[in-house]
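Asker: My structure file input_36.cif, mmCIF, C-alpha atoms (C1' of nucleotides), is below:
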```cif
data_target
loop_
_atom_site.label_atom_id
_atom_site.label_comp_id
_atom_site.auth_asym_id
_atom_site.auth_seq_id
_atom_site.Cartn_x
_atom_site.Cartn_y
_atom_site.Cartn_z
CA MET B 165 -65.47 -3.53 12.86
CA VAL B 166 -66.13 -0.84 10.46
CA LYS B 167 -68.79 1.30 12.06
CA ARG B 168 -71.83 -0.69 13.00
CA THR B 169 -74.55 0.00 10.45
CA SER B 170 -77.16 2.35 11.78
CA PHE B 171 -80.89 1.85 11.29
CA GLU B 172 -81.67 5.51 11.82
CA GLY B 173 -83.90 6.78 9.06
CA ASP B 174 -84.93 3.27 8.08
CA ALA B 175 -88.53 3.05 7.00
CA CYS B 176 -89.25 -0.02 9.17
CA PRO B 177 -90.47 0.74 12.66
CA VAL B 178 -88.87 -2.42 13.99
CA ALA B 179 -85.47 -1.27 12.79
CA ARG B 180 -86.10 2.16 14.26
CA ALA B 181 -86.88 0.64 17.62
CA LEU B 182 -83.76 -1.50 17.49
CA GLU B 183 -81.69 1.58 16.77
CA ALA B 184 -82.42 2.64 20.34
CA LEU B 185 -82.97 -0.68 22.10
CA GLY B 186 -81.25 -3.29 20.00
CA ASP B 187 -77.89 -3.69 21.60
CA TRP B 188 -76.58 -6.07 24.15
CA TRP B 189 -77.38 -4.07 27.29
CA SER B 190 -80.01 -1.41 26.73
CA LEU B 191 -83.06 -3.53 27.33
CA LEU B 192 -81.55 -4.97 30.48
CA ILE B 193 -80.83 -1.50 31.79
CA ILE B 194 -84.42 -0.58 31.05
CA ARG B 195 -85.62 -3.73 32.77
CA GLU B 196 -83.79 -2.68 35.91
CA ALA B 197 -85.14 0.83 35.59
CA LEU B 198 -88.67 -0.54 35.33
CA LEU B 199 -87.99 -2.40 38.57
CA GLY B 200 -87.11 0.87 40.25
CA VAL B 201 -83.33 1.09 39.87
CA ARG B 202 -82.18 4.68 39.50
CA ARG B 203 -78.57 5.05 40.54
CA PHE B 204 -75.44 4.37 38.54
CA GLY B 205 -73.90 2.08 41.12
CA GLU B 206 -77.11 0.16 41.52
CA PHE B 207 -77.29 -0.56 37.79
CA GLN B 208 -73.67 -1.60 37.86
CA ASN B 209 -74.13 -4.01 40.76
CA LYS B 210 -77.29 -5.64 39.49
CA LEU B 211 -76.08 -6.05 35.93
CA GLY B 212 -72.44 -6.73 36.65
CA MET B 213 -71.31 -4.80 33.62
CA ALA B 214 -68.24 -2.64 33.04
CA LYS B 215 -68.67 0.90 34.25
CA ASN B 216 -67.50 2.53 31.06
CA ILE B 217 -70.01 0.76 28.90
CA LEU B 218 -72.74 1.39 31.45
CA ALA B 219 -71.89 5.09 31.24
CA THR B 220 -72.00 4.96 27.44
CA ARG B 221 -75.35 3.19 27.39
CA LEU B 222 -76.93 5.49 29.94
CA ARG B 223 -75.85 8.47 27.86
CA ALA B 224 -77.31 6.89 24.72
CA LEU B 225 -80.59 6.11 26.47
CA VAL B 226 -80.79 9.69 27.69
CA ASP B 227 -80.09 10.91 24.16
CA HIS B 228 -82.89 8.74 22.84
CA GLY B 229 -85.30 10.18 25.37
CA ILE B 230 -85.75 6.91 27.20
CA LEU B 231 -84.12 8.01 30.43
CA THR B 232 -83.69 11.43 32.00
CA THR B 233 -81.31 12.56 34.65
CA ALA B 234 -82.79 14.07 37.75
CA PRO B 235 -81.41 15.20 41.09
CA ALA B 236 -81.28 12.34 43.55
CA SER B 237 -84.49 11.83 45.45
CA ASP B 238 -82.63 11.16 48.71
CA GLY B 239 -81.37 14.73 49.03
CA SER B 240 -77.77 13.91 48.13
CA ALA B 241 -75.90 15.83 45.46
CA TYR B 242 -75.81 12.81 43.15
CA GLN B 243 -78.10 12.34 40.19
CA GLU B 244 -80.53 9.64 39.21
CA TYR B 245 -81.57 8.07 35.93
CA VAL B 246 -85.31 7.89 35.63
CA LEU B 247 -87.54 6.55 32.87
CA THR B 248 -89.48 8.92 30.69
CA PRO B 249 -92.93 7.98 29.37
CA LYS B 250 -91.15 6.73 26.24
CA GLY B 251 -89.02 4.55 28.48
CA ARG B 252 -91.96 3.19 30.44
CA GLY B 253 -93.61 2.50 27.08
CA THR B 254 -91.14 -0.32 26.51
CA PHE B 255 -92.88 -2.43 29.13
CA PRO B 256 -94.88 -4.50 26.61
CA ILE B 257 -91.67 -5.27 24.74
CA LEU B 258 -90.07 -6.61 27.88
CA VAL B 259 -93.16 -8.65 28.67
CA ALA B 260 -93.17 -10.08 25.16
CA LEU B 261 -89.53 -11.11 25.51
CA ARG B 262 -90.25 -12.67 28.89
CA GLN B 263 -93.23 -14.63 27.62
CA TRP B 264 -91.27 -15.86 24.64
CA SER B 265 -88.62 -17.29 26.94
CA GLU B 266 -91.25 -18.81 29.20
CA GLU B 267 -92.81 -20.55 26.23
CA PHE B 268 -89.83 -21.60 24.16
CA ASP B 269 -86.72 -21.68 26.35
CA ASP B 270 -84.95 -25.01 26.36
CA TYR B 271 -84.28 -24.84 30.09
CA PRO B 272 -87.31 -23.05 31.53
CA GLU B 273 -86.53 -24.42 34.97
CA GLU B 274 -83.63 -21.96 35.12
CA ILE B 275 -86.03 -19.02 35.00
CA GLU B 276 -86.43 -17.81 38.54
CA THR B 277 -89.16 -15.20 38.39
CA ILE B 278 -92.71 -14.86 37.19
CA LEU B 279 -94.52 -11.65 36.41
CA VAL B 280 -97.74 -11.45 38.37
CA ASP B 281 -100.74 -9.23 38.80
CA ARG B 282 -99.93 -7.35 42.00
CA ALA B 283 -103.50 -7.42 43.26
CA LYS B 284 -104.05 -11.15 43.00
CA GLY B 285 -100.53 -12.50 42.85
CA ARG B 286 -101.50 -14.53 39.79
CA PRO B 287 -99.54 -14.71 36.53
CA ILE B 288 -100.60 -12.30 33.85
CA ARG B 289 -102.19 -13.43 30.60
CA LYS B 290 -100.23 -14.20 27.52
CA ILE B 291 -100.11 -11.24 25.14
CA GLU B 292 -102.68 -11.48 22.35
CA LEU B 293 -102.94 -9.72 19.03
CA ARG B 294 -106.40 -8.52 18.17
CA ALA B 295 -108.11 -6.80 15.27
CA GLU B 296 -109.88 -3.51 15.70
CA ASP B 297 -113.11 -5.41 16.20
CA GLY B 298 -111.57 -7.70 18.80
CA ARG B 299 -110.95 -10.83 16.72
CA LEU B 300 -107.87 -12.79 17.77
CA LEU B 301 -105.17 -12.63 15.11
CA THR B 302 -102.28 -14.90 14.26
CA LEU B 303 -99.31 -14.03 12.08
CA ALA B 304 -101.15 -15.35 9.04
CA ASP B 305 -104.11 -13.07 9.71
CA THR B 306 -102.02 -9.94 9.35
CA THR B 307 -100.26 -8.15 6.55
CA LEU B 308 -98.33 -4.96 5.95
CA LYS B 309 -99.78 -2.00 4.12
CA PRO B 310 -98.09 1.22 2.99
CA ARG B 311 -98.78 4.02 5.40
CA PRO B 312 -101.47 6.37 4.11
CA ALA B 313 -100.00 9.61 2.78
CA PRO B 314 -99.75 12.18 5.56
CA ARG B 315 -102.66 14.61 5.65
CA ARG B 316 -101.42 17.74 4.07
CA ARG B 317 -102.91 21.19 3.85
CA SER B 318 -104.35 22.04 0.46
CA ALA B 319 -102.37 24.54 -1.65
CA SER B 320 -104.72 27.36 -0.77
CA ALA B 321 -104.65 26.59 2.93
CA ARG B 322 -100.87 26.30 2.88
CA SER B 323 -100.55 29.73 1.32
CA ASN B 324 -102.29 31.15 4.37
CA LEU B 325 -99.33 30.45 6.60
CA MET M 121 -63.59 -6.05 23.10
CA VAL M 122 -63.03 -8.84 25.40
CA LYS M 123 -65.58 -11.51 24.60
CA ARG M 124 -69.07 -10.14 24.78
CA THR M 125 -70.61 -11.21 28.05
CA SER M 126 -73.11 -13.99 27.59
CA PHE M 127 -76.51 -14.07 29.27
CA GLU M 128 -76.80 -17.81 28.94
CA GLY M 129 -77.79 -19.35 32.23
CA ASP M 130 -79.03 -16.03 33.56
CA ALA M 131 -82.09 -16.37 35.73
CA CYS M 132 -83.95 -13.55 34.02
CA PRO M 133 -86.10 -14.60 31.09
CA VAL M 134 -85.55 -11.26 29.39
CA ALA M 135 -81.80 -11.80 29.41
CA ARG M 136 -82.29 -15.33 28.14
CA ALA M 137 -84.35 -14.05 25.24
CA LEU M 138 -81.76 -11.43 24.43
CA GLU M 139 -79.10 -14.10 24.37
CA ALA M 140 -80.74 -15.36 21.18
CA LEU M 141 -82.36 -12.22 19.79
CA GLY M 142 -80.51 -9.33 21.30
CA ASP M 143 -77.97 -8.41 18.72
CA TRP M 144 -77.96 -5.91 15.94
CA TRP M 145 -79.40 -8.09 13.16
CA SER M 146 -81.21 -11.15 14.45
CA LEU M 147 -84.61 -9.58 14.93
CA LEU M 148 -84.46 -8.00 11.50
CA ILE M 149 -83.62 -11.34 9.93
CA ILE M 150 -86.58 -12.82 11.78
CA ARG M 151 -88.78 -9.97 10.62
CA GLU M 152 -87.92 -10.79 7.02
CA ALA M 153 -88.49 -14.46 7.67
CA LEU M 154 -91.92 -13.69 9.09
CA LEU M 155 -92.65 -11.84 5.86
CA GLY M 156 -91.81 -14.96 3.90
CA VAL M 157 -88.15 -14.53 3.04
CA ARG M 158 -86.34 -17.86 2.94
CA ARG M 159 -83.25 -17.66 0.76
CA PHE M 160 -79.80 -16.42 1.66
CA GLY M 161 -79.58 -13.97 -1.20
CA GLU M 162 -83.03 -12.62 -0.51
CA PHE M 163 -82.11 -11.84 3.11
CA GLN M 164 -78.95 -10.21 1.90
CA ASN M 165 -80.72 -8.01 -0.64
CA LYS M 166 -83.53 -6.90 1.63
CA LEU M 167 -81.32 -6.18 4.62
CA GLY M 168 -78.28 -4.91 2.76
CA MET M 169 -75.92 -6.54 5.22
CA ALA M 170 -72.51 -8.10 4.70
CA LYS M 171 -72.70 -11.70 3.60
CA ASN M 172 -70.28 -12.98 6.19
CA ILE M 173 -72.23 -11.65 9.11
CA LEU M 174 -75.49 -12.82 7.58
CA ALA M 175 -74.00 -16.29 7.38
CA THR M 176 -72.90 -16.08 11.01
CA ARG M 177 -76.30 -14.90 12.20
CA LEU M 178 -78.21 -17.51 10.24
CA ARG M 179 -76.04 -20.20 11.78
CA ALA M 180 -76.65 -18.80 15.26
CA LEU M 181 -80.40 -18.64 14.68
CA VAL M 182 -80.39 -22.24 13.49
CA ASP M 183 -78.38 -23.22 16.58
CA HIS M 184 -80.95 -21.52 18.78
CA GLY M 185 -83.77 -23.41 17.13
CA ILE M 186 -85.33 -20.30 15.65
CA LEU M 187 -84.66 -21.22 12.04
CA THR M 188 -84.19 -24.56 10.33
CA THR M 189 -82.64 -25.36 7.03
CA ALA M 190 -84.79 -27.21 4.54
CA PRO M 191 -84.41 -28.20 0.91
CA ALA M 192 -85.57 -25.41 -1.36
CA SER M 193 -89.27 -25.50 -2.08
CA ASP M 194 -88.73 -24.60 -5.74
CA GLY M 195 -87.05 -27.90 -6.54
CA SER M 196 -83.54 -26.47 -6.86
CA ALA M 197 -80.58 -27.95 -5.03
CA TYR M 198 -80.23 -24.91 -2.78
CA GLN M 199 -81.49 -24.76 0.76
CA GLU M 200 -83.89 -22.47 2.54
CA TYR M 201 -84.04 -21.00 6.02
CA VAL M 202 -87.47 -21.45 7.51
CA LEU M 203 -88.87 -20.42 10.86
CA THR M 204 -89.59 -23.01 13.50
CA PRO M 205 -92.54 -22.61 15.87
CA LYS M 206 -90.09 -20.99 18.29
CA GLY M 207 -89.19 -18.56 15.56
CA ARG M 208 -92.79 -17.77 14.69
CA GLY M 209 -93.36 -17.27 18.42
CA THR M 210 -91.35 -14.05 18.24
CA PHE M 211 -94.16 -12.35 16.37
CA PRO M 212 -95.55 -10.56 19.45
CA ILE M 213 -92.07 -9.22 20.21
CA LEU M 214 -91.83 -7.70 16.75
CA VAL M 215 -95.30 -6.23 17.07
CA ALA M 216 -94.42 -4.72 20.43
CA LEU M 217 -91.31 -3.12 18.95
CA ARG M 218 -93.33 -1.78 16.04
CA GLN M 219 -96.02 -0.32 18.24
CA TRP M 220 -93.44 1.30 20.47
CA SER M 221 -91.95 3.09 17.48
CA GLU M 222 -95.36 4.09 16.24
CA GLU M 223 -96.17 5.62 19.59
CA PHE M 224 -92.88 7.20 20.60
CA ASP M 225 -90.70 7.73 17.54
CA ASP M 226 -89.61 11.32 17.06
CA TYR M 227 -90.17 11.17 13.30
CA PRO M 228 -93.15 8.86 12.86
CA GLU M 229 -93.75 10.24 9.38
CA GLU M 230 -90.69 8.29 8.24
CA ILE M 231 -92.42 5.01 9.06
CA GLU M 232 -93.72 3.65 5.80
CA THR M 233 -95.78 0.62 6.76
CA ILE M 234 -98.64 -0.27 9.03
CA LEU M 235 -99.56 -3.73 10.26
CA VAL M 236 -103.17 -4.50 9.43
CA ASP M 237 -105.73 -7.20 9.93
CA ARG M 238 -105.70 -9.01 6.59
CA ALA M 239 -109.43 -9.58 6.54
CA LYS M 240 -110.48 -5.98 7.08
CA GLY M 241 -107.38 -4.06 6.10
CA ARG M 242 -107.63 -2.12 9.36
CA PRO M 243 -104.79 -1.53 11.83
CA ILE M 244 -104.51 -4.01 14.65
CA ARG M 245 -105.13 -3.08 18.26
CA LYS M 246 -102.43 -1.92 20.58
CA ILE M 247 -101.08 -4.75 22.71
CA GLU M 248 -102.60 -4.85 26.17
CA LEU M 249 -101.49 -6.53 29.36
CA ARG M 250 -104.24 -8.27 31.24
CA ALA M 251 -104.61 -10.16 34.49
CA GLU M 252 -105.85 -13.72 34.59
CA ASP M 253 -109.35 -12.40 35.18
CA GLY M 254 -109.12 -9.96 32.28
CA ARG M 255 -108.39 -6.72 34.15
CA LEU M 256 -106.18 -4.31 32.22
CA LEU M 257 -102.78 -3.94 33.87
CA THR M 258 -100.19 -1.21 33.81
CA LEU M 259 -96.58 -1.51 34.89
CA ALA M 260 -97.54 -0.42 38.40
CA ASP M 261 -100.12 -3.19 38.66
CA THR M 262 -97.55 -5.91 38.23
CA THR M 263 -94.71 -7.30 40.27
CA LEU M 264 -92.20 -10.12 40.12
CA LYS M 265 -92.47 -13.22 42.24
CA PRO M 266 -90.00 -16.08 42.66
CA ARG M 267 -90.97 -19.01 40.51
CA PRO M 268 -92.66 -21.74 42.55
CA ALA M 269 -90.33 -24.66 43.21
CA PRO M 270 -90.52 -27.19 40.40
CA ARG M 271 -92.82 -30.11 41.10
CA ARG M 272 -90.56 -32.89 42.12
CA ARG M 273 -91.25 -36.52 42.72
CA SER M 274 -91.28 -37.52 46.36
CA ALA M 275 -88.27 -39.53 47.54
CA SER M 276 -90.23 -42.76 47.51
CA ALA M 277 -91.58 -42.13 44.01
CA ARG M 278 -88.12 -41.18 42.79
CA SER M 279 -86.67 -44.42 44.08
CA ASN M 280 -89.02 -46.23 41.76
CA LEU M 281 -87.16 -45.09 38.63
"C1'" DG Q 147 -73.06 -31.36 -22.67
"C1'" DC Q 148 -70.64 -26.80 -22.25
"C1'" DC Q 149 -70.07 -22.18 -20.90
"C1'" DA Q 150 -71.63 -17.96 -18.52
"C1'" DA Q 151 -73.95 -16.30 -14.86
"C1'" DA Q 152 -76.29 -16.73 -10.49
"C1'" DT Q 153 -76.20 -18.53 -5.81
"C1'" DG Q 154 -74.36 -19.16 -1.42
"C1'" DG Q 155 -71.12 -18.81 0.89
"C1'" DT Q 156 -65.64 -18.26 3.03
"C1'" DT Q 157 -61.37 -15.54 3.59
"C1'" DT Q 158 -58.86 -11.44 4.31
"C1'" DT Q 159 -58.17 -7.17 6.21
"C1'" DA Q 160 -59.53 -2.70 8.54
"C1'" DT Q 161 -61.63 -0.51 12.13
"C1'" DA Q 162 -64.90 0.11 15.83
"C1'" DA Q 163 -67.12 -1.70 19.95
"C1'" DT Q 164 -66.51 -4.09 24.20
"C1'" DG Q 165 -64.52 -5.30 28.56
"C1'" DC Q 166 -61.19 -5.03 32.23
"C1'" DA Q 167 -58.40 -2.56 35.24
"C1'" DA Q 168 -56.47 1.42 36.84
"C1'" DC Q 169 -57.13 6.02 37.82
"C1'" DC Q 170 -59.49 10.24 39.41
"C1'" DA Q 171 -62.68 14.00 41.13
"C1'" DC Q 172 -66.09 15.08 44.05
"C1'" DA Q 173 -69.44 14.21 47.87
"C1'" DC Q 174 -70.25 12.60 52.26
"C1'" DG Q 175 -69.84 11.09 57.06
"C1'" DA Q 176 -67.19 10.77 61.23
"C1'" DT D 274 -59.88 16.73 57.61
"C1'" DC D 275 -59.40 12.45 56.47
"C1'" DG D 276 -60.99 8.21 54.80
"C1'" DT D 277 -64.48 6.13 52.11
"C1'" DG D 278 -68.26 5.72 48.74
"C1'" DT D 279 -70.15 7.28 44.38
"C1'" DG D 280 -69.80 8.14 39.70
"C1'" DG D 281 -67.50 8.26 36.47
"C1'" DT D 282 -63.01 8.59 32.68
"C1'" DT D 283 -58.79 6.79 30.52
"C1'" DG D 284 -55.68 3.36 28.64
"C1'" DC D 285 -55.09 -1.14 26.66
"C1'" DA D 286 -56.10 -5.81 24.91
"C1'" DT D 287 -59.17 -8.41 22.36
"C1'" DT D 288 -63.22 -9.47 19.79
"C1'" DA D 289 -67.00 -8.51 16.63
"C1'" DT D 290 -68.35 -6.29 12.56
"C1'" DA D 291 -68.09 -4.73 7.85
"C1'" DA D 292 -66.40 -4.33 3.06
"C1'" DA D 293 -64.26 -6.46 -0.52
"C1'" DA D 294 -62.18 -10.11 -2.77
"C1'" DC D 295 -62.32 -14.74 -3.60
"C1'" DC D 296 -64.25 -19.47 -4.42
"C1'" DA D 297 -67.17 -23.77 -5.13
"C1'" DT D 298 -71.66 -25.37 -6.86
"C1'" DT D 299 -75.73 -24.91 -9.31
"C1'" DT D 300 -78.34 -23.29 -12.81
"C1'" DG D 301 -79.92 -21.64 -17.22
"C1'" DG D 302 -79.17 -20.91 -22.14
"C1'" DC D 303 -77.93 -22.88 -26.27
#
```
Any chance you could give the structure as structure tokens?
Answerer:
Amino acid sequence: MVKRTSFEGDACPVARALEALGDWWSLLIIREALLGVRRFGEFQNKLGMAKNILATRLRALVDHGILTTAPASDGSAYQEYVLTPKGRGTFPILVALRQWSEEFDDYPEEIETILVDRAKGRPIRKIELRAEDGRLLTLADTTLKPRPAPRRRSASARSNL
Amino acid sequence: MVKRTSFEGDACPVARALEALGDWWSLLIIREALLGVRRFGEFQNKLGMAKNILATRLRALVDHGILTTAPASDGSAYQEYVLTPKGRGTFPILVALRQWSEEFDDYPEEIETILVDRAKGRPIRKIELRAEDGRLLTLADTTLKPRPAPRRRSASARSNL
DNA sequence: GCCAAATGGTTTTATAATGCAACCACACGA
DNA sequence: TCGTGTGGTTGCATTATAAAACCATTTGGC
């Protein structure tokens, strides 16, 4: 294919997120990382993917600030891939994807795991969208607005730089 | 590339969701659909993508039960692509992606829209994960459990079919 | 009712991304 | 120090993607 079209610089935040997460493997790598996987070989075994594309993806995720490399925690000379705060911040996305499958998948009986509250062992609640004042919102209750112009110093203040 | 590896039949609900949504364009097409876009040409204009791959993606989304084709609502002989309930159910995923960008993007000033509560015009709340009893949960407060065995008729009951 | 333009695609062709397998360097353990 | 495990890289085949050209219907204007 001619070079895959990039969403970098797009004004839509969804497109910007997909620029980093929107390919075939990245979110699965992150899922494993959220479950505690850190080593190259461990990712490769759990995901069963080709090593070259795993290497490519890990590099891209590091470039996007989602993973960082760190010296191995077991004292060996190898390195580990560990989630940054930005990487851990994808957790709600993963949960949303999971809940969508749980609700709409045609063969839900093939799903083998449930995400539970560790303390009680009970399933977590379905994600809800709420207004600032707490009202439950559906798609129809929301709309897009242009972002307010960024606060900018006044001309006089700017000249003080 | 040898045929892209499919996640169909994977036990992980995240992988199953990505099987339908996890490519470069599908979620953006759905985003437009959620905003009310219905016609082929309108998708093509707003997304600026090649017509052949738009056609391919629309077909795939219809196959996955995310979109349906319907006669055009304006009385013309053309058809429209309209979201099914399964398609509208992706809304929380899109919101999660948006909020992730808003929180972690390196150039947030390039984001031009905000999602607001239509009634008040105020931004919506950040998505939260909660336990059954309402406690706020972080990643560390959750864990995966095997899905309980599906309820199955007893042998005697089954013989009554 | 007829012609031009719009709509909604398909086909063709190129190039890039993906996947597999083989290879390789270094670390580690015995 | 020798064999093995870990963590990759390098070819090569094949597919997916994209741009552009092409085409069939539908529509609008007259």
Asker: Find the nearest atom pair between each residue of chain M and chain Q for residues within 12 Å, count all atoms listed in the file, give distances in Å to one decimal, sort rows by chain and ascending number, and present the table as JSON lines.
Answerer:
```
{"residue": "M:Met121", "atom": "CA", "partner": "Q:DT164", "partner_atom": "C1'", "distance": 3.7}
{"residue": "M:Val122", "atom": "CA", "partner": "Q:DG165", "partner_atom": "C1'", "distance": 5.0}
{"residue": "M:Lys123", "atom": "CA", "partner": "Q:DG165", "partner_atom": "C1'", "distance": 7.4}
{"residue": "M:Arg124", "atom": "CA", "partner": "Q:DT164", "partner_atom": "C1'", "distance": 6.6}
{"residue": "M:Thr125", "atom": "CA", "partner": "Q:DG165", "partner_atom": "C1'", "distance": 8.5}
{"residue": "M:Arg159", "atom": "CA", "partner": "Q:DG154", "partner_atom": "C1'", "distance": 9.3}
{"residue": "M:Phe160", "atom": "CA", "partner": "Q:DG154", "partner_atom": "C1'", "distance": 6.8}
{"residue": "M:Gly161", "atom": "CA", "partner": "Q:DT153", "partner_atom": "C1'", "distance": 7.3}
{"residue": "M:Glu162", "atom": "CA", "partner": "Q:DT153", "partner_atom": "C1'", "distance": 10.5}
{"residue": "M:Phe163", "atom": "CA", "partner": "Q:DG154", "partner_atom": "C1'", "distance": 11.6}
{"residue": "M:Gln164", "atom": "CA", "partner": "Q:DG154", "partner_atom": "C1'", "distance": 10.6}
{"residue": "M:Ala170", "atom": "CA", "partner": "Q:DG155", "partner_atom": "C1'", "distance": 11.5}
{"residue": "M:Lys171", "atom": "CA", "partner": "Q:DG155", "partner_atom": "C1'", "distance": 7.8}
{"residue": "M:Asn172", "atom": "CA", "partner": "Q:DT156", "partner_atom": "C1'", "distance": 7.7}
{"residue": "M:Ile173", "atom": "CA", "partner": "Q:DG155", "partner_atom": "C1'", "distance": 11.0}
{"residue": "M:Leu174", "atom": "CA", "partner": "Q:DG155", "partner_atom": "C1'", "distance": 10.0}
{"residue": "M:Ala175", "atom": "CA", "partner": "Q:DG155", "partner_atom": "C1'", "distance": 7.5}
{"residue": "M:Thr176", "atom": "CA", "partner": "Q:DG155", "partner_atom": "C1'", "distance": 10.6}
{"residue": "M:Leu178", "atom": "CA", "partner": "Q:DG155", "partner_atom": "C1'", "distance": 11.8}
{"residue": "M:Ser196", "atom": "CA", "partner": "Q:DT153", "partner_atom": "C1'", "distance": 10.9}
{"residue": "M:Ala197", "atom": "CA", "partner": "Q:DT153", "partner_atom": "C1'", "distance": 10.4}
{"residue": "M:Tyr198", "atom": "CA", "partner": "Q:DT153", "partner_atom": "C1'", "distance": 8.1}
{"residue": "M:Gln199", "atom": "CA", "partner": "Q:DG154", "partner_atom": "C1'", "distance": 9.3}
{"residue": "M:Glu200", "atom": "CA", "partner": "Q:DG154", "partner_atom": "C1'", "distance": 10.8}
```
Asker: Please produce a file of those selected residues containing C-alpha atoms, as a tab-separated table (two decimals), in the frame of the given file.
Answerer:
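Result file out_8.tsv:
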```tsv
chain	number	residue	atom	x	y	z
M	121	MET	CA	-63.59	-6.05	23.10
M	122	VAL	CA	-63.03	-8.84	25.40
M	123	LYS	CA	-65.58	-11.51	24.60
M	124	ARG	CA	-69.07	-10.14	24.78
M	125	THR	CA	-70.61	-11.21	28.05
M	159	ARG	CA	-83.25	-17.66	0.76
M	160	PHE	CA	-79.80	-16.42	1.66
M	161	GLY	CA	-79.58	-13.97	-1.20
M	162	GLU	CA	-83.03	-12.62	-0.51
M	163	PHE	CA	-82.11	-11.84	3.11
M	164	GLN	CA	-78.95	-10.21	1.90
M	170	ALA	CA	-72.51	-8.10	4.70
M	171	LYS	CA	-72.70	-11.70	3.60
M	172	ASN	CA	-70.28	-12.98	6.19
M	173	ILE	CA	-72.23	-11.65	9.11
M	174	LEU	CA	-75.49	-12.82	7.58
M	175	ALA	CA	-74.00	-16.29	7.38
M	176	THR	CA	-72.90	-16.08	11.01
M	178	LEU	CA	-78.21	-17.51	10.24
M	196	SER	CA	-83.54	-26.47	-6.86
M	197	ALA	CA	-80.58	-27.95	-5.03
M	198	TYR	CA	-80.23	-24.91	-2.78
M	199	GLN	CA	-81.49	-24.76	0.76
M	200	GLU	CA	-83.89	-22.47	2.54
```
Asker: If we count only C-alpha atoms, which residues of chain M reach to within 6 Å of chain B? Please list them as a PyMOL selection string.
Answerer: chain M and resi 131-134+137+142-144+206+213+216-218+221+224+230-238+244-245+250-252+261-267
Asker: To one decimal place in Å, what is the distance between atom C1' of DC295 of chain D and atom CA of Ala190 of chain M?
Answerer: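 Those two atoms sit 27.0 Å apart.
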Asker: Assuming the chain letters and numbering stay as they are in my file, what does the PyMOL selection byres ((chain D) within 12 of (chain B)) actually select? List them as a list in words.
Answerer: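 After applying the PyMOL selection byres ((chain D) within 12 of (chain B)), what remains is DG278, DT279, DG280, DG281, DT282, DT283, DT288, DA289, DT290, DA291 and DA292 of chain D.
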Asker: How far is it from atom CA of Leu225 of chain B to atom CA of Thr248 of chain B, in Å with one decimal?
Answerer: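 Interatomic distance, atom CA of Leu225 of chain B to atom CA of Thr248 of chain B: 10.2 Å.
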Asker: Measure the distance from atom CA of Ile149 of chain M to atom CA of Asp194 of chain M in Å and round it to one decimal.
Answerer: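 Distance between the two atoms: 21.2 Å.
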